[in-house]
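Peer 1: The following file, structure_23.tsv, comprises TSV, C-alpha atoms:
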chain	number	residue	atom	x	y	z
X	1	MET	CA	115.33	234.09	172.98
X	2	GLN	CA	112.26	233.94	170.74
X	3	PRO	CA	109.46	231.52	171.67
X	4	THR	CA	109.55	228.20	169.84
X	5	VAL	CA	106.99	227.69	167.08
X	6	LYS	CA	104.89	224.68	168.13
X	7	LEU	CA	104.34	222.66	164.99
X	8	TYR	CA	102.40	220.00	166.89
X	9	GLU	CA	99.63	222.48	167.65
X	10	ASN	CA	98.66	222.72	163.98
X	11	ASP	CA	99.46	219.11	163.02
X	12	ALA	CA	99.62	216.52	165.77
X	13	TYR	CA	100.41	213.85	163.15
X	14	LEU	CA	103.61	215.56	161.99
X	15	ARG	CA	106.46	213.13	162.61
X	16	ARG	CA	109.38	214.69	160.71
X	17	PHE	CA	110.45	218.30	160.36
X	18	SER	CA	113.46	220.53	159.86
X	19	ALA	CA	114.45	223.47	162.05
X	20	ALA	CA	117.28	225.88	162.83
X	21	VAL	CA	119.34	225.40	166.00
X	22	LEU	CA	119.13	228.59	168.10
X	23	ALA	CA	121.04	227.41	171.18
X	24	CYS	CA	122.96	224.40	172.48
X	25	GLU	CA	124.07	224.36	176.11
X	26	PRO	CA	125.75	221.59	178.16
X	27	GLU	CA	123.69	220.28	181.06
X	28	GLY	CA	125.30	217.55	183.15
X	29	GLN	CA	126.10	214.60	180.89
X	30	SER	CA	123.78	215.86	178.13
X	31	TRP	CA	122.90	219.02	176.23
X	32	ARG	CA	119.79	221.13	175.91
X	33	VAL	CA	118.95	222.43	172.46
X	34	ALA	CA	116.53	225.18	171.42
X	35	LEU	CA	115.12	225.35	167.87
X	36	ASP	CA	113.18	227.97	166.01
X	37	ARG	CA	110.34	225.45	165.60
X	38	THR	CA	109.62	221.88	166.70
X	39	ALA	CA	107.19	218.98	166.46
X	40	PHE	CA	108.37	217.64	169.84
X	41	TYR	CA	105.73	218.03	172.55
X	42	PRO	CA	107.28	219.17	175.87
X	43	GLU	CA	106.18	217.57	179.13
X	44	GLY	CA	103.18	219.35	180.58
X	45	GLY	CA	99.45	219.24	181.22
X	46	GLY	CA	99.64	215.62	182.37
X	47	GLN	CA	101.12	214.45	179.05
X	48	PRO	CA	104.68	213.06	178.89
X	49	ALA	CA	107.29	214.60	176.62
X	50	ASP	CA	108.04	213.26	173.17
X	51	THR	CA	111.31	211.47	172.46
X	52	GLY	CA	113.08	210.91	169.14
X	53	THR	CA	116.06	212.14	167.17
X	54	LEU	CA	117.42	215.54	166.23
X	55	GLY	CA	120.21	215.67	163.70
X	56	GLY	CA	122.58	212.92	164.82
X	57	ALA	CA	121.49	213.11	168.47
X	58	ARG	CA	118.85	211.29	170.46
X	59	VAL	CA	116.23	213.35	172.27
X	60	GLY	CA	115.45	211.82	175.65
X	61	HIS	CA	113.25	214.55	177.13
X	62	THR	CA	111.65	217.87	176.20
X	63	LEU	CA	110.66	220.76	178.46
X	64	VAL	CA	109.29	224.27	177.95
X	65	ARG	CA	110.60	227.31	179.83
X	66	GLU	CA	109.21	230.80	179.21
X	67	GLY	CA	107.97	229.83	175.78
X	68	VAL	CA	111.20	228.15	174.69
X	69	ILE	CA	111.11	224.38	174.15
X	70	TRP	CA	114.36	222.72	175.21
X	71	HIS	CA	115.31	219.35	173.73
X	72	HIS	CA	117.62	217.29	175.96
X	73	THR	CA	120.03	215.44	173.68
X	74	ASP	CA	122.89	212.96	174.09
X	75	ALA	CA	125.15	214.93	171.72
X	76	PRO	CA	125.70	218.63	170.94
X	77	LEU	CA	124.32	220.35	167.84
X	78	THR	CA	125.84	223.31	166.03
X	79	VAL	CA	124.11	226.65	166.57
X	80	GLY	CA	122.90	228.10	163.27
X	81	GLU	CA	122.71	224.81	161.39
X	82	GLN	CA	119.54	223.31	159.95
X	83	VAL	CA	118.71	219.89	161.43
X	84	ASP	CA	116.13	217.22	160.74
X	85	GLY	CA	114.00	216.00	163.61
X	86	GLU	CA	111.84	212.91	164.01
X	87	ILE	CA	109.65	212.02	166.94
X	88	HIS	CA	109.13	208.45	168.13
X	89	TRP	CA	105.66	207.87	166.75
X	90	GLU	CA	104.33	204.93	168.79
X	91	PRO	CA	104.62	206.72	172.18
X	92	ARG	CA	103.18	209.93	170.64
X	93	ARG	CA	100.24	208.04	169.12
X	94	ASP	CA	99.61	206.37	172.47
X	95	HIS	CA	99.66	209.73	174.26
X	96	MET	CA	97.18	211.12	171.73
X	97	GLU	CA	94.84	208.15	172.30
X	98	GLN	CA	95.03	208.52	176.08
X	99	HIS	CA	94.63	212.29	176.04
X	100	THR	CA	91.70	212.34	173.64
X	101	GLY	CA	90.00	209.51	175.55
X	102	GLU	CA	90.52	211.38	178.81
X	103	HIS	CA	88.78	214.43	177.35
X	104	ILE	CA	85.79	212.35	176.28
X	105	LEU	CA	85.45	210.61	179.66
X	106	SER	CA	86.07	213.78	181.70
X	107	GLY	CA	83.55	215.73	179.65
X	108	THR	CA	81.01	212.94	180.06
X	109	LEU	CA	81.49	212.77	183.84
X	110	HIS	CA	81.10	216.54	184.03
X	111	ARG	CA	77.96	216.58	181.88
X	112	LEU	CA	76.25	213.70	183.66
X	113	PHE	CA	77.23	214.29	187.29
X	114	GLY	CA	78.96	217.68	187.54
X	115	ALA	CA	82.29	216.00	188.32
X	116	GLU	CA	85.36	218.16	187.80
X	117	ASN	CA	88.64	216.63	186.68
X	118	VAL	CA	91.16	217.91	189.24
X	119	GLY	CA	94.09	215.67	188.29
X	120	PHE	CA	95.34	213.98	185.14
X	121	HIS	CA	98.53	212.12	184.28
X	122	ILE	CA	99.37	209.73	181.46
X	123	GLY	CA	101.30	207.07	183.32
X	124	ASP	CA	102.21	203.46	182.66
X	125	PRO	CA	100.24	201.25	182.36
X	126	ALA	CA	97.21	203.46	182.98
X	127	VAL	CA	96.05	207.07	182.89
X	128	ARG	CA	95.33	208.57	186.30
X	129	MET	CA	92.22	210.74	186.55
X	130	ASP	CA	91.06	212.43	189.77
X	131	THR	CA	87.54	213.78	190.26
X	132	ASP	CA	86.38	216.22	192.92
X	133	ILE	CA	83.30	214.23	193.95
X	134	PRO	CA	82.66	210.56	194.79
X	135	LEU	CA	81.00	208.44	192.11
X	136	THR	CA	79.18	205.14	192.42
X	137	PRO	CA	79.98	202.06	190.33
X	138	ASP	CA	76.70	202.55	188.46
X	139	GLN	CA	77.59	206.16	187.67
X	140	LEU	CA	81.02	205.16	186.39
X	141	ALA	CA	79.51	202.39	184.27
X	142	ARG	CA	77.04	204.84	182.74
X	143	ALA	CA	79.78	207.39	182.03
X	144	GLU	CA	81.99	204.73	180.43
X	145	ALA	CA	79.12	203.56	178.21
X	146	GLU	CA	78.28	207.09	177.06
X	147	ALA	CA	81.96	207.94	176.51
X	148	ASN	CA	82.30	204.92	174.23
X	149	ALA	CA	79.14	205.97	172.40
X	150	ALA	CA	80.95	209.26	171.67
X	151	VAL	CA	83.91	207.23	170.39
X	152	ARG	CA	81.66	205.25	168.03
X	153	ALA	CA	80.13	208.50	166.74
X	154	ASP	CA	83.56	209.29	165.24
X	155	ALA	CA	83.06	213.06	165.46
X	156	PRO	CA	85.85	215.50	164.54
X	157	VAL	CA	88.21	216.72	167.28
X	158	ARG	CA	89.11	220.39	166.95
X	159	CYS	CA	91.93	222.34	168.63
X	160	TRP	CA	92.16	226.12	168.16
X	161	TYR	CA	92.81	229.52	169.72
X	162	PRO	CA	89.48	231.38	169.73
X	163	GLU	CA	89.31	235.13	169.43
X	164	PRO	CA	88.59	236.92	172.73
X	165	ALA	CA	84.96	237.57	171.85
X	166	GLU	CA	84.40	233.93	170.86
X	167	LEU	CA	86.17	232.69	173.99
X	168	ALA	CA	84.04	234.88	176.23
X	169	ALA	CA	80.88	233.36	174.77
X	170	LEU	CA	82.00	229.76	175.32
X	171	THR	CA	81.59	227.56	178.40
X	172	TYR	CA	84.61	225.31	178.76
X	173	ARG	CA	86.44	223.32	181.41
X	174	SER	CA	89.75	224.55	182.79
X	175	LYS	CA	91.72	223.45	185.85
X	176	LYS	CA	93.19	226.92	186.35
X	177	GLU	CA	92.94	230.54	185.30
X	178	ILE	CA	94.86	231.20	182.09
X	179	ASP	CA	96.43	234.54	181.21
X	180	GLY	CA	96.64	235.40	177.53
X	181	ALA	CA	95.56	233.22	174.64
X	182	VAL	CA	93.61	230.07	175.49
X	183	ARG	CA	93.84	226.93	173.35
X	184	LEU	CA	90.62	224.94	173.39
X	185	THR	CA	90.00	221.30	172.51
X	186	ASP	CA	86.55	220.23	171.37
X	187	ALA	CA	86.47	216.43	171.66
X	188	GLY	CA	83.69	215.77	169.18
X	189	GLY	CA	81.14	217.58	171.32
X	190	ALA	CA	81.81	215.34	174.31
X	191	ASP	CA	84.09	217.90	175.94
X	192	LEU	CA	85.25	221.48	175.56
X	193	CYS	CA	88.38	222.12	177.59
X	194	ALA	CA	91.41	224.39	177.71
X	195	CYS	CA	94.31	222.11	176.76
X	196	CYS	CA	97.83	222.37	175.35
X	197	GLY	CA	98.26	218.70	174.46
X	198	THR	CA	98.19	216.66	171.27
X	199	HIS	CA	95.02	214.87	170.21
X	200	LEU	CA	93.59	212.58	167.56
X	201	SER	CA	91.64	214.13	164.69
X	202	SER	CA	88.42	212.25	165.47
X	203	THR	CA	86.85	210.50	168.46
X	204	GLY	CA	86.59	207.19	166.59
X	205	GLN	CA	90.37	206.84	166.50
X	206	VAL	CA	90.34	206.41	170.30
X	207	GLY	CA	88.86	202.96	169.67
X	208	LEU	CA	87.89	202.13	173.25
X	209	ILE	CA	87.79	203.73	176.70
X	210	LYS	CA	87.94	201.43	179.75
X	211	ILE	CA	87.89	202.35	183.45
X	212	LEU	CA	90.23	199.77	185.00
X	213	SER	CA	89.77	200.69	188.66
X	214	ALA	CA	88.26	203.33	190.93
X	215	GLN	CA	88.98	204.24	194.54
X	216	HIS	CA	87.93	207.03	196.86
X	217	TYR	CA	90.61	209.71	197.07
X	218	LYS	CA	90.61	213.09	198.86
X	219	GLY	CA	86.83	213.39	198.85
X	220	GLY	CA	86.54	212.35	195.21
X	221	MET	CA	87.64	209.44	193.07
X	222	ARG	CA	90.93	208.32	191.60
X	223	LEU	CA	90.36	206.43	188.36
X	224	ALA	CA	92.79	204.27	186.41
X	225	VAL	CA	91.79	204.47	182.75
X	226	ALA	CA	93.07	202.91	179.53
X	227	CYS	CA	92.23	204.12	176.04
X	228	GLY	CA	92.93	202.90	172.53
X	229	GLN	CA	95.44	200.10	172.19
X	230	ARG	CA	96.05	200.09	175.95
X	231	ALA	CA	92.36	199.41	176.53
X	232	GLN	CA	92.36	196.64	173.95
X	233	ARG	CA	95.33	194.98	175.66
X	234	ALA	CA	93.71	195.35	179.09
X	235	VAL	CA	90.48	193.74	177.90
X	236	ALA	CA	92.38	190.93	176.14
X	237	GLU	CA	94.47	190.21	179.23
X	238	THR	CA	91.39	190.24	181.48
X	239	TRP	CA	89.55	187.90	179.14
X	240	ARG	CA	92.53	185.55	179.05
X	241	ASP	CA	92.63	185.52	182.84
X	242	ALA	CA	88.89	184.81	182.92
X	243	GLU	CA	89.30	181.90	180.51
X	244	GLU	CA	92.18	180.42	182.51
X	245	ALA	CA	90.24	180.84	185.76
X	246	GLY	CA	87.25	179.24	184.07
X	247	VAL	CA	89.29	176.15	183.25
X	248	LEU	CA	90.23	175.79	186.92
X	249	LEU	CA	86.64	176.36	188.04
X	250	SER	CA	85.00	174.35	185.22
X	251	ALA	CA	83.06	177.44	184.20
X	252	GLY	CA	83.39	179.80	181.27
X	253	PRO	CA	83.50	183.63	181.29
X	254	GLY	CA	80.12	184.94	182.34
X	255	ARG	CA	79.66	182.16	184.92
X	256	LEU	CA	82.76	182.80	187.03
X	257	ARG	CA	80.97	184.63	189.85
X	258	GLU	CA	78.60	181.70	190.37
X	259	ALA	CA	81.50	179.24	190.23
X	260	VAL	CA	83.60	181.25	192.70
X	261	ALA	CA	80.66	181.52	195.12
X	262	HIS	CA	80.15	177.75	194.91
X	263	ASN	CA	83.88	177.17	195.44
X	264	ALA	CA	83.91	179.54	198.43
X	265	ALA	CA	80.99	177.68	200.02
X	266	ASN	CA	82.80	174.36	199.54
X	267	THR	CA	85.98	175.81	201.02
X	268	GLU	CA	84.11	177.07	204.07
X	269	ALA	CA	82.58	173.61	204.57
X	270	LEU	CA	86.05	172.06	204.32
X	271	HIS	CA	87.38	174.50	206.91
X	272	ARG	CA	84.62	173.49	209.31
X	273	ARG	CA	85.34	169.79	208.75
X	274	LEU	CA	89.07	170.38	209.22
X	275	ALA	CA	88.48	172.26	212.47
X	276	ALA	CA	86.33	169.40	213.73
X	277	LEU	CA	89.01	166.85	212.82
X	278	GLN	CA	91.69	168.94	214.50
X	279	GLN	CA	89.56	169.18	217.61
X	280	ALA	CA	89.11	165.41	217.58
X	281	LEU	CA	92.86	164.90	217.17
X	282	GLY	CA	93.57	167.25	220.06
X	283	GLU	CA	91.08	165.41	222.26
X	284	ALA	CA	92.68	162.04	221.32
X	285	TRP	CA	96.12	163.37	222.23
X	286	ALA	CA	94.74	164.75	225.47
X	287	ALA	CA	93.11	161.43	226.32
X	288	GLY	CA	96.48	159.67	226.08
X	289	ALA	CA	98.37	162.29	228.10
X	290	GLN	CA	99.01	162.12	231.82
X	291	PRO	CA	97.77	165.01	233.99
X	292	GLY	CA	100.67	167.11	235.24
X	293	GLN	CA	103.13	165.66	232.70
X	294	PRO	CA	104.76	167.80	229.94
X	295	THR	CA	104.03	166.62	226.40
X	296	VAL	CA	105.50	167.16	222.93
X	297	PHE	CA	103.61	166.17	219.77
X	298	PHE	CA	104.33	166.19	216.05
X	299	CYS	CA	101.64	167.23	213.53
X	300	PRO	CA	102.48	166.33	209.88
X	301	GLU	CA	100.39	169.23	208.56
X	302	GLY	CA	99.18	172.39	210.20
X	303	ASP	CA	99.47	176.17	210.39
X	304	GLY	CA	99.90	178.28	213.50
X	305	ASP	CA	96.18	178.23	214.36
X	306	THR	CA	96.08	174.45	214.04
X	307	LEU	CA	99.08	173.98	216.34
X	308	ARG	CA	97.61	176.40	218.86
X	309	ARG	CA	94.26	174.59	218.85
X	310	LEU	CA	95.92	171.20	219.39
X	311	CYS	CA	98.19	172.55	222.09
X	312	LEU	CA	95.30	174.06	224.07
X	313	ALA	CA	93.30	170.84	223.80
X	314	VAL	CA	96.15	168.91	225.46
X	315	THR	CA	96.99	171.44	228.18
X	316	GLY	CA	93.30	171.72	229.00
X	317	ARG	CA	93.52	168.13	230.24
X	318	THR	CA	97.06	167.90	231.60
X	319	GLY	CA	97.54	171.39	233.05
X	320	ALA	CA	101.23	170.95	232.12
X	321	PRO	CA	103.44	172.46	229.37
X	322	CYS	CA	102.79	171.21	225.85
X	323	THR	CA	104.61	171.86	222.56
X	324	VAL	CA	103.24	170.93	219.14
X	325	LEU	CA	105.61	170.96	216.16
X	326	ALA	CA	105.00	170.70	212.41
X	327	PRO	CA	107.10	170.96	209.24
X	328	GLY	CA	107.47	174.56	208.15
X	329	GLY	CA	109.67	177.62	207.93
X	330	ARG	CA	113.33	176.68	207.86
X	331	GLY	CA	112.66	173.27	209.44
X	332	LEU	CA	110.01	172.99	212.13
X	333	THR	CA	107.40	175.42	213.39
X	334	TYR	CA	106.14	175.25	216.96
X	335	VAL	CA	103.57	176.45	219.45
X	336	LEU	CA	104.50	176.16	223.12
X	337	HIS	CA	101.92	176.57	225.92
X	338	CYS	CA	102.73	176.76	229.64
X	339	PRO	CA	99.34	176.96	231.39
X	340	GLY	CA	99.37	179.34	234.32
X	341	GLY	CA	103.01	180.26	233.69
X	342	ASP	CA	105.38	182.14	231.39
X	343	ALA	CA	106.38	180.34	228.19
X	344	ARG	CA	109.03	182.86	227.16
X	345	ALA	CA	111.96	181.29	229.03
X	346	ALA	CA	111.27	177.87	227.49
X	347	ALA	CA	110.89	179.42	224.00
X	348	GLN	CA	114.16	181.33	224.36
X	349	ALA	CA	116.00	178.17	225.37
X	350	LEU	CA	114.45	176.28	222.45
X	351	ASN	CA	115.42	179.01	219.99
X	352	ALA	CA	118.96	179.13	221.31
X	353	ALA	CA	119.41	175.37	221.05
X	354	PHE	CA	118.00	174.98	217.51
X	355	ASP	CA	118.65	178.33	215.79
X	356	GLY	CA	115.06	179.35	216.24
X	357	ARG	CA	113.10	182.54	215.80
X	358	GLY	CA	109.91	183.61	217.49
X	359	GLY	CA	108.43	184.45	220.83
X	360	GLY	CA	105.24	185.62	222.45
X	361	ARG	CA	103.72	186.86	225.66
X	362	GLY	CA	102.54	185.10	228.76
X	363	GLU	CA	101.51	181.46	228.49
X	364	ILE	CA	101.90	180.94	224.70
X	365	CYS	CA	104.89	181.37	222.37
X	366	GLN	CA	105.32	180.34	218.76
X	367	GLY	CA	108.10	180.37	216.21
X	368	SER	CA	110.25	178.29	213.87
X	369	LEU	CA	113.43	176.25	214.19
X	370	ALA	CA	116.22	175.45	211.73
X	371	ALA	CA	116.14	171.87	213.04
X	372	THR	CA	114.24	169.06	211.31
X	373	ASP	CA	114.94	166.26	213.85
X	374	PHE	CA	111.72	166.01	215.86
X	375	ASP	CA	113.15	163.48	218.36
X	376	ALA	CA	116.06	165.77	219.20
X	377	VAL	CA	113.73	168.70	219.81
X	378	ARG	CA	111.29	166.51	221.78
X	379	ASN	CA	114.05	165.19	224.08
X	380	PHE	CA	115.39	168.71	224.66
X	381	LEU	CA	111.95	170.04	225.63
X	382	LEU	CA	111.15	167.16	227.99
X	383	GLU	CA	114.51	167.66	229.72
X	384	GLN	CA	113.85	171.38	230.07
X	385	HIS	CA	110.42	170.85	231.61
Can you dump the structure from the file as structure tokens?

Peer 2:
Amino acid sequence: MQPTVKLYENDAYLRRFSAAVLACEPEGQSWRVALDRTAFYPEGGGQPADTGTLGGARVGHTLVREGVIWHHTDAPLTVGEQVDGEIHWEPRRDHMEQHTGEHILSGTLHRLFGAENVGFHIGDPAVRMDTDIPLTPDQLARAEAEANAAVRADAPVRCWYPEPAELAALTYRSKKEIDGAVRLTDAGGADLCACCGTHLSSTGQVGLIKILSAQHYKGGMRLAVACGQRAQRAVAETWRDAEEAGVLLSAGPGRLREAVAHNAANTEALHRRLAALQQALGEAWAAGAQPGQPTVFFCPEGDGDTLRRLCLAVTGRTGAPCTVLAPGGRGLTYVLHCPGGDARAAAQALNAAFDGRGGGRGEICQGSLAATDFDAVRNFLLEQH
């Protein structure tokens, strides 16, 4: 079958077209259709496939095999007929924004730091970009600033197949060796790269490039990037979060770091005061306990560390088993300490009697009970000990 004429290579803004159906074959619950020409971009090069309509059928996916672009449709088309096609424009426009922005940022990272782009995928909600070398936050900030300067310059973006002599004289990026004709994309002077994708006609149409996150990955960096409308939404959502956080912290955007640091210092001071109060409570309980006598206490508030601290304070005085319970889980949470012994048997009996879960090793066990009646649990434990 003859290769499909790729209308999108000459006009990435072409939304509607007509073409002849060359083949229509069933494939599972759908069909795959080949045309003599198409504006549908097939999945490849990190860019998702276009979707849309073809004749009276919906196109859910598009792939290329040996030069033939196959359109996966939900209904068959008649071979030999002329059909009208229309791509879904909003996803295509988004892909063009992301792809063009990726070129600008990748070219900038390469020019500034020699970073090679070794992975690219337009995902949702962000574009994934992988570099072959690690980059510092300052380097990424500089690259982002210079990439956006290229956006503001609003320079033309050019895609073409150079003649062999012209290609040989050019220095361009490419992730792999390419046999035959090479299609180049010049992203307004910010990048020159072998690429088969669809792009905007000028850098200014990208609008904005924003690096959302960066992490070390396989000796390099994995970046999450948003361009165009995605970047605008990301910035708007982040700003909204900052404003809402500012209301809680009584500080506006731009002063959140200072407010969070102040809040963290206050929280740490509260933790120290709480620990001191818990220690005092444990000592008061211990003072009222009889040496050698098992004890069971109820704490209205407290996490596992609190219960453990209180329990150890009491057993340090009595030398006898102690259990501290508090509201939590499905009913009550507990910490059980048997100094010098094995707490597991007592914990197993407690769990069996009150539909409990938990355990431990050696002297201390902890868990939760379905029961909420403290007196019933207390009486059971004192009888067991």

Peer 1: State, in Å with one decimal place, the distance from atom CA of Leu63 of chain X to atom CA of Ala226 of chain X.

Peer 2: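 Atom CA of Ala226 of chain X lies 25.1 Å from atom CA of Leu63 of chain X.
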
Peer 1: I want to know what sits within 8 Å of Asp342 of chain X, based on all atoms listed in the file, with residues of the same chain fewer than 5 positions away left out; could you give that as a list in words?

Peer 2: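 Residues meeting the cut-off are Arg361, Gly362, Glu363 and Ile364 of chain X.
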
Peer 1: Counting all atoms listed in the file, I want the residues whose atoms come within 6 Å of (107.0, 182.7, 223.5) in the file frame, returned as a ChimeraX atom specification.

Peer 2: /X:343-344,347,359-361,364-366

Peer 1: List the spatial neighbours of Gly358 of chain X as a ChimeraX atom specification - criterion: any atom at most 12 Å away, all atoms listed in the file, same-chain residues fewer than 2 positions off excluded.

Peer 2: /X:329,332-336,343-352,354-356,360-361,364-370

Peer 1: Could you please take those selected residues and save C-alpha atoms as a PDB file, in the coordinates of the input?

Peer 2:
ATOM      1  CA  GLY X 329     109.670 177.620 207.930  1.00  0.00           C
ATOM      2  CA  LEU X 332     110.010 172.990 212.130  1.00  0.00           C
ATOM      3  CA  THR X 333     107.400 175.420 213.390  1.00  0.00           C
ATOM      4  CA  TYR X 334     106.140 175.250 216.960  1.00  0.00           C
ATOM      5  CA  VAL X 335     103.570 176.450 219.450  1.00  0.00           C
ATOM      6  CA  LEU X 336     104.500 176.160 223.120  1.00  0.00           C
ATOM      7  CA  ALA X 343     106.380 180.340 228.190  1.00  0.00           C
ATOM      8  CA  ARG X 344     109.030 182.860 227.160  1.00  0.00           C
ATOM      9  CA  ALA X 345     111.960 181.290 229.030  1.00  0.00           C
ATOM     10  CA  ALA X 346     111.270 177.870 227.490  1.00  0.00           C
ATOM     11  CA  ALA X 347     110.890 179.420 224.000  1.00  0.00           C
ATOM     12  CA  GLN X 348     114.160 181.330 224.360  1.00  0.00           C
ATOM     13  CA  ALA X 349     116.000 178.170 225.370  1.00  0.00           C
ATOM     14  CA  LEU X 350     114.450 176.280 222.450  1.00  0.00           C
ATOM     15  CA  ASN X 351     115.420 179.010 219.990  1.00  0.00           C
ATOM     16  CA  ALA X 352     118.960 179.130 221.310  1.00  0.00           C
ATOM     17  CA  PHE X 354     118.000 174.980 217.510  1.00  0.00           C
ATOM     18  CA  ASP X 355     118.650 178.330 215.790  1.00  0.00           C
ATOM     19  CA  GLY X 356     115.060 179.350 216.240  1.00  0.00           C
ATOM     20  CA  GLY X 360     105.240 185.620 222.450  1.00  0.00           C
ATOM     21  CA  ARG X 361     103.720 186.860 225.660  1.00  0.00           C
ATOM     22  CA  ILE X 364     101.900 180.940 224.700  1.00  0.00           C
ATOM     23  CA  CYS X 365     104.890 181.370 222.370  1.00  0.00           C
ATOM     24  CA  GLN X 366     105.320 180.340 218.760  1.00  0.00           C
ATOM     25  CA  GLY X 367     108.100 180.370 216.210  1.00  0.00           C
ATOM     26  CA  SER X 368     110.250 178.290 213.870  1.00  0.00           C
ATOM     27  CA  LEU X 369     113.430 176.250 214.190  1.00  0.00           C
ATOM     28  CA  ALA X 370     116.220 175.450 211.730  1.00  0.00           C
TER      29      ALA X 370
END

Peer 1: Do you know which residues are at most 9 Å from Glu301 of chain X counting all atoms listed in the file, after dropping those on the same chain fewer than 5 positions away, and could you put them as a PyMOL selection string?

Peer 2: chain X and resi 306+326-328

Peer 1: From the options X:Gly80, X:Gly282, X:Pro294, X:Gly101, which residue's atoms come nearest to Asn148 of chain X, counting only C-alpha atoms?

Peer 2: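 Residue with the minimum atom-to-atom distance to Asn148 of chain X: X:Gly101.
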
Peer 1: Please return, as an mmCIF file with C-alpha atoms, keeping the file's coordinate frame, all polymer residues that have at least one atom within 12 Å of the point (113.4, 165.4, 217.9); use all atoms listed in the file and the file's own coordinate frame.

Peer 2:
data_model
loop_
_atom_site.group_PDB
_atom_site.id
_atom_site.type_symbol
_atom_site.label_atom_id
_atom_site.label_comp_id
_atom_site.auth_asym_id
_atom_site.auth_seq_id
_atom_site.Cartn_x
_atom_site.Cartn_y
_atom_site.Cartn_z
ATOM 1 C CA VAL X 296 105.500 167.160 222.930
ATOM 2 C CA PHE X 297 103.610 166.170 219.770
ATOM 3 C CA PHE X 298 104.330 166.190 216.050
ATOM 4 C CA THR X 323 104.610 171.860 222.560
ATOM 5 C CA VAL X 324 103.240 170.930 219.140
ATOM 6 C CA LEU X 325 105.610 170.960 216.160
ATOM 7 C CA ALA X 326 105.000 170.700 212.410
ATOM 8 C CA GLY X 331 112.660 173.270 209.440
ATOM 9 C CA LEU X 332 110.010 172.990 212.130
ATOM 10 C CA LEU X 350 114.450 176.280 222.450
ATOM 11 C CA PHE X 354 118.000 174.980 217.510
ATOM 12 C CA LEU X 369 113.430 176.250 214.190
ATOM 13 C CA ALA X 371 116.140 171.870 213.040
ATOM 14 C CA THR X 372 114.240 169.060 211.310
ATOM 15 C CA ASP X 373 114.940 166.260 213.850
ATOM 16 C CA PHE X 374 111.720 166.010 215.860
ATOM 17 C CA ASP X 375 113.150 163.480 218.360
ATOM 18 C CA ALA X 376 116.060 165.770 219.200
ATOM 19 C CA VAL X 377 113.730 168.700 219.810
ATOM 20 C CA ARG X 378 111.290 166.510 221.780
ATOM 21 C CA ASN X 379 114.050 165.190 224.080
ATOM 22 C CA PHE X 380 115.390 168.710 224.660
ATOM 23 C CA LEU X 381 111.950 170.040 225.630
ATOM 24 C CA LEU X 382 111.150 167.160 227.990
#

Peer 1: Env of segment 54-56 of chain X: 6 Å cut, atoms = only C-alpha atoms, seq-sep filter 6 positions within chain, self excluded. Answer as a PDB file with C-alpha atoms, in the frame of the given file.

Peer 2:
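Done, and the output landed in result13.pdb:
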ATOM      1  CA  VAL X  83     118.710 219.890 161.430  1.00  0.00           C
ATOM      2  CA  ASP X  84     116.130 217.220 160.740  1.00  0.00           C
ATOM      3  CA  GLY X  85     114.000 216.000 163.610  1.00  0.00           C
TER       4      GLY X  85
END

Peer 1: Do you have the atom CA of Cys196 of chain X-atom CA of Trp31 of chain X distance handy?

Peer 2: 25.3 Å

Peer 1: What separation in Å, quoted to one decimal, exists between atom CA of Ala236 of chain X and atom CA of Ser213 of chain X?

Peer 2: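 Calculated distance between atom CA of Ala236 of chain X and atom CA of Ser213 of chain X is 16.1 Å.
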
Peer 1: Given the choices X:Gly197, X:Pro134, X:Gly292, X:Gly44, which gets closest to Asp11 of chain X if the distance is worked out from all atoms listed in the file?

Peer 2: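 Closest to Asp11 of chain X of all the choices is X:Gly197.
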
Peer 1: Using all atoms listed in the file, which residues sit within 7 Å of Glu86 of chain X once same-chain residues fewer than 5 positions away are excluded, as a ChimeraX atom specification?

Peer 2: /X:15-17,52-54

Peer 1: Between X:Phe120, X:Tyr217, X:Tyr41, X:Phe113, which is the closest to Gln139 of chain X once you count all atoms listed in the file?

Peer 2: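 Closest residue, counting all atoms listed in the file: X:Phe113.
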
Peer 1: Which residue gives the smallest distance to Asp132 of chain X among X:Leu223, X:Ala23, X:Ala168, X:Leu312, with all atoms listed in the file counted?

Peer 2: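 Using all atoms listed in the file, the shortest distance to Asp132 of chain X belongs to X:Leu223.
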
Peer 1: Taking every listed atom of segment 334-344 of chain X and adding 4 Å to each side, what centre and edge lengths in Å (one decimal) does the axis-aligned box have, as AutoDock Vina command-line options?

Peer 2:
--center_x 104.2 --center_y 179.1 --center_z 225.6 --size_x 17.7 --size_y 15.6 --size_z 25.4
